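For reference, the structure is listed below as structure tokens.
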Amino acid sequence: MTHRIDQTFAARRAANQSAFVAYIMAGDPDRAASQAFLNALPDAGVDIIELGIPFTDPMADGIVIENAGIRARESGTTLTSVLDMASEFRKTNDTTPIIVMGYANPLHHMGYVKFAAAAKAAGVDGAIIVDLPPEEDGDLRDAFEVHDLALIRLATPTTDAERLPKVVAGTKGFVYYVSMNGITGDSFAQAGFVTEQVTRVRDAANLPVVVGFGVKTPERAREVAKDADGVVVGTSIVKTLHEDGPEAALALIRSLADATHTPR
Amino acid sequence: MDNASDTNTAYPDANGRFGDFGGRYVAETLMPPILALEKAYEEAKADPSFQKELDYFMTHYVGRPSPLYFAERLTEHAGGAKIYFKRDELNHTGAHKINNCMGQLLLAKRMGKKRIIAETGAGQHGVATATVAARLGMECIVYMGAVDIVRQKPNVFRMRLLGAEVRAVHSGTATLKDAMNEALRDWVTNVSETFYCIGTVAGPHPYPAMVRDFQAVIGREAKQQILEAEGRLPDAAVACIGGGSNAMGLFHEFVPHKEVRLIGVEAAGKGVKSGLHAASLTGGTPGILHGNRTYLLQDEHGQIADAHSISAGLDYPGIGPEHSYLHDIGRAEYVSATDDEALECFQLCARLEGILPALEPSHAIPRTLELAKELGKDGLIIMNMCGRGDKDVFTIADALGEHISEGTEG
Ligand SMILES: Cc1ncc(COP(=O)(O)O)c(C=O)c1O
């Protein structure tokens, strides 16, 4: 539902703030622990949740998220169980958007039409599918359209002026701007460059622009939040959860969310 | 390259589709570079000076044309159709892989890219890429699964001698598919200066078509050679399949000739029923991996399954999309051969023909022998002897329980 997404951005915008988007790998380290962590995210200041779907061949991810995916798969996580986690979350929260994020094959294998219906029923709001560029996402977009689900597109530093309109056309909810050429967990691009890019993408899309890839610290989140409508942190949350446990990860999230929410 | 076979380039379509297969399933960061690559390739293809330079290197550096050789004693052994080998194992660096590398790296040169990356399984594509990169004065980084580095030690050392950096990939199954993931990660990170030289007819469009076109010299030569030798086209063309580049290279010229059976042999590992195999068409279902939609080994949740083969070059859970298409329209047949069959035929070929085949084409031999019997004395078969077995002697010694060197396992 783009409704939850739209309301989330509207509320933050009204307070002159950027939204905080947290990525977690569903099922890492196991279903119960991951569910508890997921359910705790809104109270820690998370505005939008990106729920990772594990995949054997995560070619846009660095080693931290790849290893989280391996732990999740080893604990029995499947596309269906990821949706089950969303359903469970919705029992106590009807406002925080959940965007599932992953790779095309598990969805393709289930069938896009079946997946869209199941995602809707589970209370999912949209999806980011890394290896479905605009050229290849038509079938999934059609399936999503039926249920008013948002298929969120990625814009990158290589998306030039000629290509950008094609990328943002048909995207719903928000546009995800990948801050640098690289994989998750790499270091961040120059701040000035990002300011310029966010403006460029927002002008073309007329939608909120969230910035992800490479944001790790509250300082960086605060800086990005000055320009972006949302700030995404993934790798450092996943890493802290794995190495130091949920309390430490929630503390990190609180500090990142506070920094992101600094009024402009 | 001559253009005699341009009647046969209707596929892929403008979106890189062979029927329902192929496409460009890549992260947005890579879309602009693959569109630029497609454009550069189309321009090069139409430019006689590019063709001329490629022809020059193919003749004087790669050593083409490769012979079409009548395997007389193997033919006698099978007791049926005449078996010919297309001897691409005699190419510089010992396999068909260099046909493609020569083409892609000349294209990279034309595009002004000086940093070359590649993935490799058996190491043959890595060696060929490192070789051509050395010749053209380019930097070369080869990603190779840690498991394959152990299996194909001689090739790892060859790559290093040629000045390439070999980067071990430990993630996933630490084999070819993971090397490809890692190469894709490198490409997204170093996109502007890097040319990714994919080693088979897979990956996002334009790779499946481009690699096929560079390998199609195999079938063009073979057709001319068999017409000279026998005055007619063969009844069948047989090739082993990892990603499918040597097979597409042999098949492409014959696709319009419906009377020529096209037979691809996948790796059945310990047997397709055992679940430990690499036979994507025989035992897989359509899915999306590494930039294209094609038949894949996967579980009921759409997770990619591990492939298994004694041959590192065939140990891949997917297959080029054009093969998936030829399979579905019934134009080509796909069968398989087990590790044990390949090992047995490796030894047979060594003793009867004095040729040590690579483990990859060793998989094509058992099905070729059966087919020879089936077709009878009047039959005519071309099998692609796409690589030589020197790189495999340690693996084979291991499998035969002989100890010939330190560190054949590890
Ligand atoms: C000699 C040889 N044959 C075959 C293959 C498999 O690749 P393809 O199916 O693309 O020809 C390899 C791959 O490394 C190889 O080295």
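For the structure tokens, the naming scheme is as follows: chains receive sequential letters (A, B, ...) according to their order of presentation, residues are indexed from 1 within each chain, and ligands are indexed from 1 in presentation order.
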Using only C-alpha atoms and all ligand atoms, find each residue with an atom at most 7 Å away from ligand 1 and format the answer as a PDB file with all heavy atoms, in the first residue's frame.
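pocket24.pdb, written as the output of this step:
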```pdb
ATOM      1  N   ALA B  95      42.159 -24.270 -25.444  1.00  0.00           N
ATOM      2  CA  ALA B  95      40.709 -24.450 -25.428  1.00  0.00           C
ATOM      3  C   ALA B  95      40.061 -23.431 -26.369  1.00  0.00           C
ATOM      4  O   ALA B  95      40.725 -22.521 -26.880  1.00  0.00           O
ATOM      5  CB  ALA B  95      40.146 -24.301 -24.014  1.00  0.00           C
ATOM      6  N   HIS B  96      38.753 -23.602 -26.542  1.00  0.00           N
ATOM      7  CA  HIS B  96      37.993 -22.673 -27.379  1.00  0.00           C
ATOM      8  C   HIS B  96      37.877 -21.298 -26.743  1.00  0.00           C
ATOM      9  O   HIS B  96      37.527 -20.330 -27.409  1.00  0.00           O
ATOM     10  CB  HIS B  96      36.598 -23.233 -27.611  1.00  0.00           C
ATOM     11  CG  HIS B  96      35.769 -23.288 -26.353  1.00  0.00           C
ATOM     12  ND1 HIS B  96      36.071 -24.129 -25.294  1.00  0.00           N
ATOM     13  CD2 HIS B  96      34.679 -22.583 -25.964  1.00  0.00           C
ATOM     14  CE1 HIS B  96      35.199 -23.947 -24.319  1.00  0.00           C
ATOM     15  NE2 HIS B  96      34.341 -23.014 -24.692  1.00  0.00           N
ATOM     16  N   LYS B  97      38.114 -21.209 -25.443  1.00  0.00           N
ATOM     17  CA  LYS B  97      37.832 -19.974 -24.707  1.00  0.00           C
ATOM     18  C   LYS B  97      38.495 -18.749 -25.331  1.00  0.00           C
ATOM     19  O   LYS B  97      37.950 -17.635 -25.289  1.00  0.00           O
ATOM     20  CB  LYS B  97      38.271 -20.113 -23.248  1.00  0.00           C
ATOM     21  CG  LYS B  97      37.501 -21.182 -22.468  1.00  0.00           C
ATOM     22  CD  LYS B  97      36.116 -20.728 -22.120  1.00  0.00           C
ATOM     23  CE  LYS B  97      35.338 -21.797 -21.357  1.00  0.00           C
ATOM     24  NZ  LYS B  97      33.919 -21.421 -21.157  1.00  0.00           N
ATOM     25  N   THR B 120      36.328 -17.417 -13.727  1.00  0.00           N
ATOM     26  CA  THR B 120      36.729 -18.666 -14.363  1.00  0.00           C
ATOM     27  C   THR B 120      36.394 -19.854 -13.476  1.00  0.00           C
ATOM     28  O   THR B 120      36.364 -19.731 -12.254  1.00  0.00           O
ATOM     29  CB  THR B 120      38.226 -18.638 -14.732  1.00  0.00           C
ATOM     30  OG1 THR B 120      38.488 -19.654 -15.693  1.00  0.00           O
ATOM     31  CG2 THR B 120      39.140 -18.839 -13.526  1.00  0.00           C
ATOM     32  N   GLY B 121      36.117 -20.986 -14.121  1.00  0.00           N
ATOM     33  CA  GLY B 121      35.821 -22.216 -13.401  1.00  0.00           C
ATOM     34  C   GLY B 121      37.018 -23.137 -13.535  1.00  0.00           C
ATOM     35  O   GLY B 121      37.813 -23.300 -12.610  1.00  0.00           O
ATOM     36  N   ALA B 122      37.171 -23.701 -14.729  1.00  0.00           N
ATOM     37  CA  ALA B 122      38.300 -24.600 -14.990  1.00  0.00           C
ATOM     38  C   ALA B 122      39.608 -23.831 -15.054  1.00  0.00           C
ATOM     39  O   ALA B 122      40.681 -24.410 -15.006  1.00  0.00           O
ATOM     40  CB  ALA B 122      38.065 -25.341 -16.293  1.00  0.00           C
ATOM     41  N   GLY B 123      39.505 -22.536 -15.204  1.00  0.00           N
ATOM     42  CA  GLY B 123      40.708 -21.730 -15.338  1.00  0.00           C
ATOM     43  C   GLY B 123      41.062 -21.471 -16.788  1.00  0.00           C
ATOM     44  O   GLY B 123      41.914 -20.638 -17.085  1.00  0.00           O
ATOM     45  N   GLN B 124      40.385 -22.175 -17.716  1.00  0.00           N
ATOM     46  CA  GLN B 124      40.708 -21.994 -19.134  1.00  0.00           C
ATOM     47  C   GLN B 124      40.322 -20.593 -19.612  1.00  0.00           C
ATOM     48  O   GLN B 124      41.054 -19.962 -20.357  1.00  0.00           O
ATOM     49  CB  GLN B 124      39.996 -23.035 -19.997  1.00  0.00           C
ATOM     50  CG  GLN B 124      40.581 -24.405 -19.867  1.00  0.00           C
ATOM     51  CD  GLN B 124      42.061 -24.446 -20.222  1.00  0.00           C
ATOM     52  OE1 GLN B 124      42.899 -24.654 -19.355  1.00  0.00           O
ATOM     53  NE2 GLN B 124      42.403 -24.219 -21.479  1.00  0.00           N
ATOM     54  N   HIS B 125      39.155 -20.133 -19.189  1.00  0.00           N
ATOM     55  CA  HIS B 125      38.752 -18.784 -19.584  1.00  0.00           C
ATOM     56  C   HIS B 125      39.657 -17.752 -18.923  1.00  0.00           C
ATOM     57  O   HIS B 125      40.020 -16.757 -19.538  1.00  0.00           O
ATOM     58  CB  HIS B 125      37.283 -18.535 -19.251  1.00  0.00           C
ATOM     59  CG  HIS B 125      36.862 -17.118 -19.520  1.00  0.00           C
ATOM     60  ND1 HIS B 125      36.925 -16.562 -20.776  1.00  0.00           N
ATOM     61  CD2 HIS B 125      36.414 -16.134 -18.694  1.00  0.00           C
ATOM     62  CE1 HIS B 125      36.531 -15.290 -20.715  1.00  0.00           C
ATOM     63  NE2 HIS B 125      36.215 -15.012 -19.463  1.00  0.00           N
ATOM     64  N   GLY B 199      32.918 -15.455 -19.758  1.00  0.00           N
ATOM     65  CA  GLY B 199      33.529 -16.580 -20.448  1.00  0.00           C
ATOM     66  C   GLY B 199      32.592 -17.547 -21.124  1.00  0.00           C
ATOM     67  O   GLY B 199      33.035 -18.526 -21.714  1.00  0.00           O
ATOM     68  N   THR B 200      31.300 -17.293 -21.062  1.00  0.00           N
ATOM     69  CA  THR B 200      30.394 -18.226 -21.724  1.00  0.00           C
ATOM     70  C   THR B 200      29.175 -17.474 -22.247  1.00  0.00           C
ATOM     71  O   THR B 200      29.089 -16.248 -22.088  1.00  0.00           O
ATOM     72  CB  THR B 200      30.007 -19.379 -20.770  1.00  0.00           C
ATOM     73  OG1 THR B 200      29.337 -20.392 -21.533  1.00  0.00           O
ATOM     74  CG2 THR B 200      29.121 -18.919 -19.620  1.00  0.00           C
ATOM     75  N   VAL B 201      28.257 -18.214 -22.892  1.00  0.00           N
ATOM     76  CA  VAL B 201      27.102 -17.567 -23.523  1.00  0.00           C
ATOM     77  C   VAL B 201      26.003 -17.288 -22.504  1.00  0.00           C
ATOM     78  O   VAL B 201      24.838 -17.568 -22.751  1.00  0.00           O
ATOM     79  CB  VAL B 201      26.554 -18.427 -24.685  1.00  0.00           C
ATOM     80  CG1 VAL B 201      27.483 -18.353 -25.877  1.00  0.00           C
ATOM     81  CG2 VAL B 201      26.369 -19.892 -24.248  1.00  0.00           C
ATOM     82  N   CYS B 240      29.992 -30.620 -25.288  1.00  0.00           N
ATOM     83  CA  CYS B 240      29.702 -30.553 -23.861  1.00  0.00           C
ATOM     84  C   CYS B 240      29.175 -29.159 -23.511  1.00  0.00           C
ATOM     85  O   CYS B 240      29.395 -28.208 -24.248  1.00  0.00           O
ATOM     86  CB  CYS B 240      30.963 -30.840 -23.038  1.00  0.00           C
ATOM     87  SG  CYS B 240      32.222 -29.554 -23.164  1.00  0.00           S
ATOM     88  N   ILE B 241      28.482 -29.090 -22.367  1.00  0.00           N
ATOM     89  CA  ILE B 241      27.892 -27.821 -21.968  1.00  0.00           C
ATOM     90  C   ILE B 241      28.180 -27.482 -20.512  1.00  0.00           C
ATOM     91  O   ILE B 241      27.809 -28.231 -19.599  1.00  0.00           O
ATOM     92  CB  ILE B 241      26.365 -27.851 -22.167  1.00  0.00           C
ATOM     93  CG1 ILE B 241      26.084 -28.025 -23.647  1.00  0.00           C
ATOM     94  CG2 ILE B 241      25.720 -26.587 -21.607  1.00  0.00           C
ATOM     95  CD1 ILE B 241      24.773 -27.542 -24.108  1.00  0.00           C
ATOM     96  N   GLY B 242      28.855 -26.342 -20.322  1.00  0.00           N
ATOM     97  CA  GLY B 242      28.957 -25.778 -18.983  1.00  0.00           C
ATOM     98  C   GLY B 242      27.971 -24.624 -18.993  1.00  0.00           C
ATOM     99  O   GLY B 242      26.796 -24.761 -18.638  1.00  0.00           O
ATOM    100  N   GLY B 243      28.432 -23.469 -19.477  1.00  0.00           N
ATOM    101  CA  GLY B 243      27.514 -22.382 -19.782  1.00  0.00           C
ATOM    102  C   GLY B 243      27.000 -22.518 -21.206  1.00  0.00           C
ATOM    103  O   GLY B 243      25.941 -21.991 -21.554  1.00  0.00           O
ATOM    104  N   GLY B 244      27.771 -23.206 -22.018  1.00  0.00           N
ATOM    105  CA  GLY B 244      27.295 -23.504 -23.367  1.00  0.00           C
ATOM    106  C   GLY B 244      27.997 -22.789 -24.504  1.00  0.00           C
ATOM    107  O   GLY B 244      27.475 -22.755 -25.618  1.00  0.00           O
ATOM    108  N   SER B 245      29.198 -22.235 -24.274  1.00  0.00           N
ATOM    109  CA  SER B 245      29.798 -21.433 -25.347  1.00  0.00           C
ATOM    110  C   SER B 245      30.447 -22.272 -26.436  1.00  0.00           C
ATOM    111  O   SER B 245      30.327 -21.943 -27.613  1.00  0.00           O
ATOM    112  CB  SER B 245      30.796 -20.419 -24.787  1.00  0.00           C
ATOM    113  OG  SER B 245      31.941 -21.046 -24.249  1.00  0.00           O
ATOM    114  N   ASN B 246      31.119 -23.367 -26.064  1.00  0.00           N
ATOM    115  CA  ASN B 246      31.700 -24.167 -27.154  1.00  0.00           C
ATOM    116  C   ASN B 246      30.583 -24.825 -27.954  1.00  0.00           C
ATOM    117  O   ASN B 246      30.669 -24.951 -29.172  1.00  0.00           O
ATOM    118  CB  ASN B 246      32.760 -25.143 -26.614  1.00  0.00           C
ATOM    119  CG  ASN B 246      32.185 -26.471 -26.167  1.00  0.00           C
ATOM    120  OD1 ASN B 246      32.010 -27.360 -26.977  1.00  0.00           O
ATOM    121  ND2 ASN B 246      31.872 -26.597 -24.879  1.00  0.00           N
ATOM    122  N   ALA B 247      29.511 -25.201 -27.259  1.00  0.00           N
ATOM    123  CA  ALA B 247      28.380 -25.825 -27.944  1.00  0.00           C
ATOM    124  C   ALA B 247      27.691 -24.829 -28.882  1.00  0.00           C
ATOM    125  O   ALA B 247      27.447 -25.126 -30.054  1.00  0.00           O
ATOM    126  CB  ALA B 247      27.389 -26.376 -26.927  1.00  0.00           C
ATOM    127  N   ALA B 312      35.509 -28.760 -13.371  1.00  0.00           N
ATOM    128  CA  ALA B 312      35.270 -27.406 -12.865  1.00  0.00           C
ATOM    129  C   ALA B 312      34.594 -26.531 -13.909  1.00  0.00           C
ATOM    130  O   ALA B 312      33.822 -25.630 -13.587  1.00  0.00           O
ATOM    131  CB  ALA B 312      36.587 -26.788 -12.428  1.00  0.00           C
ATOM    132  N   GLY B 313      34.865 -26.798 -15.182  1.00  0.00           N
ATOM    133  CA  GLY B 313      34.302 -25.967 -16.256  1.00  0.00           C
ATOM    134  C   GLY B 313      32.821 -26.219 -16.495  1.00  0.00           C
ATOM    135  O   GLY B 313      32.145 -25.429 -17.144  1.00  0.00           O
ATOM    136  N   LEU B 314      32.326 -27.335 -15.985  1.00  0.00           N
ATOM    137  CA  LEU B 314      30.900 -27.641 -16.190  1.00  0.00           C
ATOM    138  C   LEU B 314      30.096 -27.446 -14.913  1.00  0.00           C
ATOM    139  O   LEU B 314      28.877 -27.584 -14.899  1.00  0.00           O
ATOM    140  CB  LEU B 314      30.738 -29.087 -16.688  1.00  0.00           C
ATOM    141  CG  LEU B 314      31.523 -29.472 -17.951  1.00  0.00           C
ATOM    142  CD1 LEU B 314      31.193 -30.907 -18.357  1.00  0.00           C
ATOM    143  CD2 LEU B 314      31.228 -28.534 -19.115  1.00  0.00           C
ATOM    144  N   ALA B 358      40.279 -32.468 -22.373  1.00  0.00           N
ATOM    145  CA  ALA B 358      39.914 -31.870 -21.087  1.00  0.00           C
ATOM    146  C   ALA B 358      38.749 -32.664 -20.504  1.00  0.00           C
ATOM    147  O   ALA B 358      38.032 -33.364 -21.222  1.00  0.00           O
ATOM    148  CB  ALA B 358      39.520 -30.412 -21.277  1.00  0.00           C
ATOM    149  N   GLU B 360      36.030 -31.539 -19.623  1.00  0.00           N
ATOM    150  CA  GLU B 360      34.766 -31.026 -20.159  1.00  0.00           C
ATOM    151  C   GLU B 360      34.353 -31.790 -21.423  1.00  0.00           C
ATOM    152  O   GLU B 360      33.317 -32.453 -21.432  1.00  0.00           O
ATOM    153  CB  GLU B 360      34.861 -29.515 -20.383  1.00  0.00           C
ATOM    154  CG  GLU B 360      34.947 -28.692 -19.086  1.00  0.00           C
ATOM    155  CD  GLU B 360      36.346 -28.659 -18.462  1.00  0.00           C
ATOM    156  OE1 GLU B 360      37.309 -29.034 -19.155  1.00  0.00           O
ATOM    157  OE2 GLU B 360      36.471 -28.269 -17.275  1.00  0.00           O
ATOM    158  N   PRO B 361      35.157 -31.744 -22.501  1.00  0.00           N
ATOM    159  CA  PRO B 361      34.757 -32.520 -23.693  1.00  0.00           C
ATOM    160  C   PRO B 361      34.767 -34.025 -23.449  1.00  0.00           C
ATOM    161  O   PRO B 361      34.126 -34.760 -24.216  1.00  0.00           O
ATOM    162  CB  PRO B 361      35.780 -32.117 -24.754  1.00  0.00           C
ATOM    163  CG  PRO B 361      36.937 -31.549 -24.012  1.00  0.00           C
ATOM    164  CD  PRO B 361      36.354 -30.923 -22.782  1.00  0.00           C
ATOM    165  N   CYS B 386      36.881 -29.379 -27.399  1.00  0.00           N
ATOM    166  CA  CYS B 386      37.036 -27.950 -27.131  1.00  0.00           C
ATOM    167  C   CYS B 386      38.179 -27.602 -26.188  1.00  0.00           C
ATOM    168  O   CYS B 386      38.478 -26.430 -25.980  1.00  0.00           O
ATOM    169  CB  CYS B 386      35.732 -27.381 -26.604  1.00  0.00           C
ATOM    170  SG  CYS B 386      35.216 -28.203 -25.091  1.00  0.00           S
ATOM    171  N   GLY B 387      38.832 -28.634 -25.599  1.00  0.00           N
ATOM    172  CA  GLY B 387      39.934 -28.288 -24.707  1.00  0.00           C
ATOM    173  C   GLY B 387      40.826 -29.478 -24.449  1.00  0.00           C
ATOM    174  O   GLY B 387      40.388 -30.630 -24.576  1.00  0.00           O
ATOM    175  N   ARG B 388      42.070 -29.198 -24.096  1.00  0.00           N
ATOM    176  CA  ARG B 388      42.980 -30.306 -23.820  1.00  0.00           C
ATOM    177  C   ARG B 388      43.115 -30.547 -22.319  1.00  0.00           C
ATOM    178  O   ARG B 388      42.885 -29.660 -21.508  1.00  0.00           O
ATOM    179  CB  ARG B 388      44.335 -30.086 -24.482  1.00  0.00           C
ATOM    180  CG  ARG B 388      45.054 -28.835 -24.125  1.00  0.00           C
ATOM    181  CD  ARG B 388      46.432 -28.857 -24.810  1.00  0.00           C
ATOM    182  NE  ARG B 388      47.136 -27.604 -24.622  1.00  0.00           N
ATOM    183  CZ  ARG B 388      47.404 -26.732 -25.615  1.00  0.00           C
ATOM    184  NH1 ARG B 388      46.985 -26.960 -26.839  1.00  0.00           N
ATOM    185  NH2 ARG B 388      48.072 -25.631 -25.357  1.00  0.00           N
TER     186      ARG B 388
END
```
Legend entry - Counting only C-alpha atoms, chain B residues within 9 Å of chain A, as a PyMOL selection string: chain B and resi 15+23-33+171-172+177-178+180-192+286-291+300-305
Legend entry - Surrounding residues of Gly230 (chain A) excluding itself and chain neighbours under 5 positions, 10 Å, only C-alpha atoms, as a PyMOL selection string: chain A and resi 9+12+17-21+47-48+174-177+208-212+221+224-225+260-261
Legend entry - DSSP-assigned strand (DSSP E) among region 190-251 of chain A, expressed as number ranges by chain: A: 209-212, 230-233
Saved selection, atoms kept: all heavy atoms, as an mmCIF file, in the first residue's frame:
```cif
data_model
loop_
_atom_site.group_PDB
_atom_site.id
_atom_site.type_symbol
_atom_site.label_atom_id
_atom_site.label_comp_id
_atom_site.auth_asym_id
_atom_site.auth_seq_id
_atom_site.Cartn_x
_atom_site.Cartn_y
_atom_site.Cartn_z
ATOM 1 N N VAL A 209 12.934 10.899 -2.126
ATOM 2 C CA VAL A 209 14.150 10.174 -2.491
ATOM 3 C C VAL A 209 14.851 9.734 -1.210
ATOM 4 O O VAL A 209 15.167 10.566 -0.357
ATOM 5 C CB VAL A 209 15.100 11.081 -3.310
ATOM 6 C CG1 VAL A 209 16.407 10.345 -3.625
ATOM 7 C CG2 VAL A 209 14.420 11.541 -4.601
ATOM 8 N N VAL A 210 15.064 8.435 -1.087
ATOM 9 C CA VAL A 210 15.837 7.957 0.059
ATOM 10 C C VAL A 210 17.225 7.575 -0.427
ATOM 11 O O VAL A 210 17.399 7.159 -1.561
ATOM 12 C CB VAL A 210 15.168 6.780 0.813
ATOM 13 C CG1 VAL A 210 13.703 7.064 1.093
ATOM 14 C CG2 VAL A 210 15.335 5.480 0.075
ATOM 15 N N VAL A 211 18.200 7.773 0.438
ATOM 16 C CA VAL A 211 19.584 7.504 0.056
ATOM 17 C C VAL A 211 20.121 6.334 0.869
ATOM 18 O O VAL A 211 19.998 6.310 2.097
ATOM 19 C CB VAL A 211 20.463 8.753 0.289
ATOM 20 C CG1 VAL A 211 21.943 8.432 0.041
ATOM 21 C CG2 VAL A 211 20.014 9.885 -0.635
ATOM 22 N N GLY A 212 20.686 5.380 0.164
ATOM 23 C CA GLY A 212 21.233 4.214 0.841
ATOM 24 C C GLY A 212 22.574 3.816 0.269
ATOM 25 O O GLY A 212 23.077 4.446 -0.663
ATOM 26 N N GLY A 230 14.781 10.451 2.997
ATOM 27 C CA GLY A 230 14.947 9.298 3.875
ATOM 28 C C GLY A 230 16.380 8.823 3.813
ATOM 29 O O GLY A 230 17.079 9.047 2.828
ATOM 30 N N VAL A 231 16.817 8.207 4.915
ATOM 31 C CA VAL A 231 18.185 7.693 4.995
ATOM 32 C C VAL A 231 18.105 6.208 5.319
ATOM 33 O O VAL A 231 17.423 5.823 6.269
ATOM 34 C CB VAL A 231 18.975 8.420 6.105
ATOM 35 C CG1 VAL A 231 20.385 7.844 6.235
ATOM 36 C CG2 VAL A 231 19.019 9.924 5.839
ATOM 37 N N VAL A 232 18.787 5.377 4.517
ATOM 38 C CA VAL A 232 18.752 3.932 4.726
ATOM 39 C C VAL A 232 20.061 3.457 5.336
ATOM 40 O O VAL A 232 21.129 3.804 4.858
ATOM 41 C CB VAL A 232 18.591 3.163 3.392
ATOM 42 C CG1 VAL A 232 18.301 1.687 3.679
ATOM 43 C CG2 VAL A 232 17.511 3.772 2.525
ATOM 44 N N VAL A 233 19.954 2.662 6.393
ATOM 45 C CA VAL A 233 21.139 2.000 6.928
ATOM 46 C C VAL A 233 20.863 0.498 6.964
ATOM 47 O O VAL A 233 19.802 0.070 7.428
ATOM 48 C CB VAL A 233 21.502 2.503 8.339
ATOM 49 C CG1 VAL A 233 22.729 1.760 8.872
ATOM 50 C CG2 VAL A 233 21.762 4.009 8.319
#
```
Inset, instruction - Tell me, as a PyMOL selection string, which residues lie within 10 Å of region 81-85 of chain A, counting only C-alpha atoms; anything in the same chain fewer than 2 positions away does not count. - result: chain A and resi 25-27+31-32+34-36+38-39+51-54+76-79+87-90+100+115+118-124
Taking only residues of region 158-275 of chain B that have an atom at most 10 Å from an atom of region 133-137 of chain B, what is each one's shortest atom pair and its distance in Å to one decimal, using only C-alpha atoms, in chain and number order, as CSV?
```
residue,atom,partner,partner_atom,distance
B:Leu162,CA,B:Ala134,CA,6.4
B:Gly163,CA,B:Ala134,CA,6.9
B:Ala164,CA,B:Ala134,CA,8.1
```
Inset, instruction - Tell me, as number ranges by chain, which residues lie within 9 Å of Val194 (chain A), counting only C-alpha atoms; anything in the same chain fewer than 4 positions away does not count. - result: A: 179-180, 189-190, 198-199, 211, 224, 227-228
Legend entry - Residue nearest Pro42 (chain A) - candidates A:His3, A:Pro29, A:Gly214, A:Leu250, atoms counted: only C-alpha atoms: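 Smallest separation from Pro42 (chain A) among the options: A:Leu250.
Restricting the calculation to only C-alpha atoms, the smallest distance between Glu344 (chain B) and any of B:Tyr56, B:Ala130, B:Cys101, B:Ala364 is found for B:Ala364.
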Inset, instruction - Mind checking which residues fall within 12 Å of Leu252 (chain A), counting only C-alpha atoms, ignoring those fewer than 2 positions away in the same chain, and posting them as JSON, numbers by chain? - result: {"A": [22, 41, 44, 45, 46, 216, 217, 218, 221, 233, 234, 235, 236, 237, 238, 239, 240, 241, 244, 245, 246, 247, 248, 249, 250, 254, 255, 256, 257, 258, 259]}
Legend entry - DSSP-assigned alpha helix (DSSP H) members of region 10-90 of chain A, reported as an NGL selection string: :A and (10-14 or 31-40 or 63-74 or 79-90)
Inset, instruction - Please identify all polymer residues within 9 Å of Met383 (chain B), counting only C-alpha atoms, omitting same-chain residues fewer than 2 positions from it, and present them as a list in words. - result: Ile83, Tyr84, Phe85, Lys86, Arg87, Ala236, Ala237, Val238, Ala239, Cys240, Leu250, Pro361, Ala364, Ile365, Thr368, Ile381, Met385 and Cys386 of chain B
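The nearest approach to Ala72 (chain A) among the residues A:Arg4, A:His242, A:Lys166, A:Arg220, with only C-alpha atoms taken into account, belongs to A:His242.
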Legend entry - Minimum-distance residue to Phe213 (chain A), chosen among A:Ser187, A:Asn93, A:Thr195, A:Thr8 (using only C-alpha atoms):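 Closest to Phe213 (chain A), using only C-alpha atoms: A:Ser187.
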